[in-house]
file data04.pdb (PDB, C-alpha atoms)
ATOM      1  CA  MET A   1      10.618  38.309  -7.958
ATOM      2  CA  SER A   2      12.518  38.062 -11.211
ATOM      3  CA  LYS A   3      10.943  37.331 -14.541
ATOM      4  CA  TYR A   4      11.463  33.862 -16.012
ATOM      5  CA  ILE A   5      13.313  33.810 -19.338
ATOM      6  CA  ALA A   6      13.307  30.489 -21.183
ATOM      7  CA  GLY A   7      16.754  28.926 -21.381
ATOM      8  CA  VAL A   8      18.389  31.722 -19.390
ATOM      9  CA  SER A   9      16.950  31.887 -15.885
ATOM     10  CA  LYS A  10      16.344  28.956 -13.628
ATOM     11  CA  ASP A  11      12.845  27.513 -13.516
ATOM     12  CA  ARG A  12      11.878  27.815  -9.853
ATOM     13  CA  ARG A  13       8.762  25.657 -10.137
ATOM     14  CA  GLY A  14       9.066  22.423  -8.268
ATOM     15  CA  GLU A  15      12.075  23.583  -6.302
ATOM     16  CA  ARG A  16      10.405  22.703  -3.006
ATOM     17  CA  PRO A  17       7.614  20.224  -2.545
ATOM     18  CA  ASP A  18       4.253  21.892  -2.006
ATOM     19  CA  SER A  19       1.658  20.727   0.484
ATOM     20  CA  LEU A  20      -0.060  18.464  -2.047
ATOM     21  CA  THR A  21       3.188  16.669  -2.847
ATOM     22  CA  LYS A  22       3.859  16.226   0.855
ATOM     23  CA  THR A  23       0.340  14.844   1.267
ATOM     24  CA  VAL A  24       0.966  12.271  -1.461
ATOM     25  CA  ARG A  25       4.187  11.207   0.242
ATOM     26  CA  TRP A  26       2.398  10.811   3.573
ATOM     27  CA  LEU A  27      -0.351   8.832   1.848
ATOM     28  CA  GLY A  28       2.353   6.500   0.581
ATOM     29  CA  VAL A  29       3.854   6.129   4.040
ATOM     30  CA  ALA A  30       0.440   5.515   5.627
ATOM     31  CA  SER A  31      -0.406   2.973   2.948
ATOM     32  CA  TRP A  32       2.778   1.005   3.591
ATOM     33  CA  VAL A  33       2.186   1.068   7.345
ATOM     34  CA  ILE A  34      -1.234  -0.437   6.648
ATOM     35  CA  MET A  35       0.327  -3.034   4.348
ATOM     36  CA  PHE A  36       2.880  -4.122   6.958
ATOM     37  CA  SER A  37       0.084  -4.329   9.532
ATOM     38  CA  ALA A  38      -1.813  -6.540   7.101
ATOM     39  CA  LEU A  39       1.235  -8.781   6.722
ATOM     40  CA  ALA A  40       1.419  -9.184  10.495
ATOM     41  CA  ILE A  41      -2.269 -10.115  10.583
ATOM     42  CA  ILE A  42      -1.786 -12.671   7.801
ATOM     43  CA  GLY A  43       0.736 -14.435  10.013
ATOM     44  CA  LYS A  44      -1.814 -14.739  12.808
ATOM     45  CA  ALA A  45      -4.894 -15.497  10.671
ATOM     46  CA  ARG A  46      -3.582 -18.187   8.335
ATOM     47  CA  PRO A  47      -3.803 -21.878   9.133
ATOM     48  CA  GLU A  48      -0.803 -23.562  10.674
ATOM     49  CA  ALA A  49       1.072 -26.388   8.979
ATOM     50  CA  GLU A  50       0.866 -29.633  10.893
ATOM     51  CA  THR A  51       4.283 -31.113  11.618
ATOM     52  CA  ALA A  52       5.335 -34.628  12.602
ATOM     53  CA  LEU A  53       5.776 -33.521  16.214
ATOM     54  CA  ASP A  54       2.223 -32.185  16.260
ATOM     55  CA  LYS A  55       0.952 -35.564  15.131
ATOM     56  CA  LYS A  56       3.155 -37.477  17.548
ATOM     57  CA  TYR A  57       2.105 -35.497  20.610
ATOM     58  CA  ASN A  58      -1.511 -34.922  19.428
ATOM     59  CA  ILE A  59      -1.170 -31.146  19.425
ATOM     60  CA  VAL A  60      -4.168 -29.389  17.911
ATOM     61  CA  VAL A  61      -3.243 -26.869  15.250
ATOM     62  CA  GLN A  62      -5.388 -24.262  13.534
ATOM     63  CA  THR A  63      -6.385 -25.768  10.173
ATOM     64  CA  THR A  64      -8.591 -22.932   8.864
ATOM     65  CA  TRP A  65      -8.271 -19.195   8.519
ATOM     66  CA  ASP A  66      -9.329 -17.088  11.514
ATOM     67  CA  VAL A  67     -12.425 -15.434  10.039
ATOM     68  CA  GLU A  68     -12.399 -12.401  12.323
ATOM     69  CA  LEU A  69      -8.784 -11.552  11.505
ATOM     70  CA  ALA A  70      -9.396 -12.270   7.808
ATOM     71  CA  ASN A  71     -12.269  -9.764   7.800
ATOM     72  CA  TYR A  72     -10.025  -7.185   9.465
ATOM     73  CA  LEU A  73      -7.355  -7.941   6.880
ATOM     74  CA  PHE A  74      -9.896  -7.383   4.087
ATOM     75  CA  VAL A  75     -10.754  -3.955   5.507
ATOM     76  CA  LEU A  76      -7.058  -3.037   5.717
ATOM     77  CA  MET A  77      -6.569  -4.059   2.077
ATOM     78  CA  ILE A  78      -9.500  -1.881   1.001
ATOM     79  CA  VAL A  79      -8.127   1.096   2.960
ATOM     80  CA  GLY A  80      -4.690   0.538   1.419
ATOM     81  CA  LEU A  81      -6.207   0.414  -2.075
ATOM     82  CA  ILE A  82      -8.209   3.594  -1.493
ATOM     83  CA  LEU A  83      -5.174   5.475  -0.157
ATOM     84  CA  SER A  84      -3.022   4.360  -3.078
ATOM     85  CA  LEU A  85      -5.707   5.342  -5.622
ATOM     86  CA  ILE A  86      -6.086   8.777  -4.020
ATOM     87  CA  GLY A  87      -2.326   9.253  -4.121
ATOM     88  CA  ILE A  88      -2.109   8.090  -7.749
ATOM     89  CA  CYS A  89      -4.929  10.443  -8.814
ATOM     90  CA  ILE A  90      -3.339  13.421  -7.079
ATOM     91  CA  LYS A  91       0.059  12.587  -8.540
ATOM     92  CA  GLN A  92      -1.386  12.200 -12.067
ATOM     93  CA  GLN A  93      -2.886  15.696 -11.836
ATOM     94  CA  ARG A  94       0.360  17.172 -10.560
ATOM     95  CA  THR A  95       2.855  15.429 -12.841
ATOM     96  CA  ARG A  96       3.346  17.565 -15.914
ATOM     97  CA  ARG A  97       7.063  18.019 -16.362
ATOM     98  CA  ARG A  98       9.576  15.461 -17.531
ATOM     99  CA  THR A  99      11.569  15.889 -14.329
ATOM    100  CA  ASP A 100       8.630  15.121 -12.028
ATOM    101  CA  GLU A 101       8.974  11.950 -10.036
ATOM    102  CA  TYR A 102       6.476   9.126  -9.988
ATOM    103  CA  MET A 103       5.638   7.272  -6.806
ATOM    104  CA  TYR A 104       5.947   3.696  -7.973
ATOM    105  CA  SER A 105       5.317   2.471  -4.438
ATOM    106  CA  LEU A 106       1.704   3.636  -4.748
ATOM    107  CA  TYR A 107       1.284   1.514  -7.878
ATOM    108  CA  ILE A 108       2.879  -1.507  -6.194
ATOM    109  CA  LEU A 109       0.690  -1.045  -3.135
ATOM    110  CA  GLY A 110      -2.445  -0.724  -5.271
ATOM    111  CA  ILE A 111      -1.648  -3.925  -7.149
ATOM    112  CA  THR A 112      -0.818  -5.776  -3.925
ATOM    113  CA  SER A 113      -4.023  -4.590  -2.257
ATOM    114  CA  THR A 114      -6.078  -5.591  -5.284
ATOM    115  CA  CYS A 115      -4.527  -9.074  -5.275
ATOM    116  CA  GLY A 116      -5.255  -9.407  -1.547
ATOM    117  CA  ILE A 117      -8.865  -8.338  -2.030
ATOM    118  CA  LEU A 118      -9.360 -10.786  -4.904
ATOM    119  CA  TYR A 119      -7.761 -13.577  -2.862
ATOM    120  CA  TYR A 120     -10.122 -12.846   0.009
ATOM    121  CA  LEU A 121     -13.183 -12.736  -2.232
ATOM    122  CA  PHE A 122     -12.490 -15.834  -4.322
ATOM    123  CA  VAL A 123     -10.336 -18.142  -2.208
ATOM    124  CA  LEU A 124     -11.294 -17.615   1.432
TER     125      LEU A 124
END
call {"tool": "encode", "arguments": {"input": "data04.pdb", "output": "structure tokens"}}
result
Amino acid sequence: MSKYIAGVSKDRRGERPDSLTKTVRWLGVASWVIMFSALAIIGKARPEAETALDKKYNIVVQTTWDVELANYLFVLMIVGLILSLIGICIKQQRTRRRTDEYMYSLYILGITSTCGILYYLFVL
């Protein structure tokens, strides 16, 4: 192994992602899988809009949220928030150089999960 000389030799740190960086990336992927699952559940749990054809043919539509699916959605939002916070904390500890990348998707996911949790708590 050669000795590092500032400005002369190449800094080999950060050349390959270490296991912690890979873990943060997988946390991001898992968090987004959870978020897309939550979006699919929102489509099933939310009330349906009543159309003119529904009124004409007396078709019963769901007018309230499905509570069981909404509770499951709440749990998914909490898991997504926890995963994003873990990833953000790990990334904050590891990011020291100017060339290090930030995982903005973890921030976006954390904000989205927080908004979903607040919506569940105060609106539903």
call {"tool": "closest_residue", "arguments": {"input": "data04.pdb", "among": "A:Leu121, A:Ile41, A:Leu27, A:Leu20", "to": "Leu76 of chain A", "atoms": "all atoms listed in the file"}}
result
A:Ile41
call {"tool": "closest_residue", "arguments": {"input": "data04.pdb", "among": "A:Phe122, A:Ile42, A:Phe36, A:Thr112", "to": "Leu73 of chain A", "atoms": "all atoms listed in the file"}}
result
A:Ile42
call {"tool": "residues_around", "arguments": {"input": "data04.pdb", "residues": "Arg94 of chain A", "least_positions_apart": "5", "cutoff": "10 Å", "atoms": "all atoms listed in the file", "output": "list in words"}}
result
Leu20, Thr21, Ile88, Cys89 and Asp100 of chain A
call {"tool": "write_last_selection", "arguments": {"input": "data04.pdb", "atoms": "C-alpha atoms", "output": "CSV table (one decimal), keeping the file's coordinate frame"}}
result
chain,number,residue,atom,x,y,z
A,20,LEU,CA,-0.1,18.5,-2.0
A,21,THR,CA,3.2,16.7,-2.8
A,88,ILE,CA,-2.1,8.1,-7.7
A,89,CYS,CA,-4.9,10.4,-8.8
A,100,ASP,CA,8.6,15.1,-12.0
call {"tool": "atom_distance", "arguments": {"input": "data04.pdb", "atom1": "atom CA of Met103 of chain A", "atom2": "atom CA of Tyr119 of chain A"}}
result
25.1 Å
call {"tool": "resolve_selection", "arguments": {"input": "data04.pdb", "expression": "the PyMOL selection byres ((chain A and resi 86) around 12)", "output": "compact mmCIF listing (two decimals) with C-alpha atoms, keeping the file's coordinate frame"}}
result
# COMPACT_ATOMS: atom_id res chain seq x y z
CA LEU A 20 -0.06 18.46 -2.05
CA THR A 23 0.34 14.84 1.27
CA VAL A 24 0.97 12.27 -1.46
CA ARG A 25 4.19 11.21 0.24
CA TRP A 26 2.40 10.81 3.57
CA LEU A 27 -0.35 8.83 1.85
CA GLY A 28 2.35 6.50 0.58
CA SER A 31 -0.41 2.97 2.95
CA VAL A 79 -8.13 1.10 2.96
CA GLY A 80 -4.69 0.54 1.42
CA LEU A 81 -6.21 0.41 -2.08
CA ILE A 82 -8.21 3.59 -1.49
CA LEU A 83 -5.17 5.48 -0.16
CA SER A 84 -3.02 4.36 -3.08
CA LEU A 85 -5.71 5.34 -5.62
CA GLY A 87 -2.33 9.25 -4.12
CA ILE A 88 -2.11 8.09 -7.75
CA CYS A 89 -4.93 10.44 -8.81
CA ILE A 90 -3.34 13.42 -7.08
CA LYS A 91 0.06 12.59 -8.54
CA GLN A 92 -1.39 12.20 -12.07
CA GLN A 93 -2.89 15.70 -11.84
CA LEU A 106 1.70 3.64 -4.75
CA TYR A 107 1.28 1.51 -7.88
CA LEU A 109 0.69 -1.04 -3.14
CA GLY A 110 -2.44 -0.72 -5.27
call {"tool": "atom_distance", "arguments": {"input": "data04.pdb", "atom1": "atom CA of Val75 of chain A", "atom2": "atom CA of Glu50 of chain A"}}
result
28.7 Å
call {"tool": "atom_distance", "arguments": {"input": "data04.pdb", "atom1": "atom CA of Leu118 of chain A", "atom2": "atom CA of Val33 of chain A"}}
result
20.6 Å
call {"tool": "residues_around", "arguments": {"input": "data04.pdb", "residues": "Gln62 of chain A", "least_positions_apart": "5", "cutoff": "9 Å", "atoms": "only C-alpha atoms", "output": "PyMOL selection string"}}
result
chain A and resi 46-50
call {"tool": "closest_residue", "arguments": {"input": "data04.pdb", "among": "A:Ile117, A:Asn58, A:Ser37, A:Ala45", "to": "Ala70 of chain A", "atoms": "all atoms listed in the file"}}
result
A:Ala45
call {"tool": "residues_around", "arguments": {"input": "data04.pdb", "residues": "Val67 of chain A", "least_positions_apart": "4", "cutoff": "9 Å", "atoms": "only C-alpha atoms", "output": "JSON, numbers by chain"}}
result
{"A": [45, 71, 72, 124]}
call {"tool": "axis_aligned_box", "arguments": {"input": "data04.pdb", "around": "segment 38-47 of chain A", "padding_each_side": "5 Å", "output": "JSON"}}
result
{"center_x": -1.7, "center_y": -14.2, "center_z": 9.8, "size_x": 16.3, "size_y": 25.3, "size_z": 16.1}
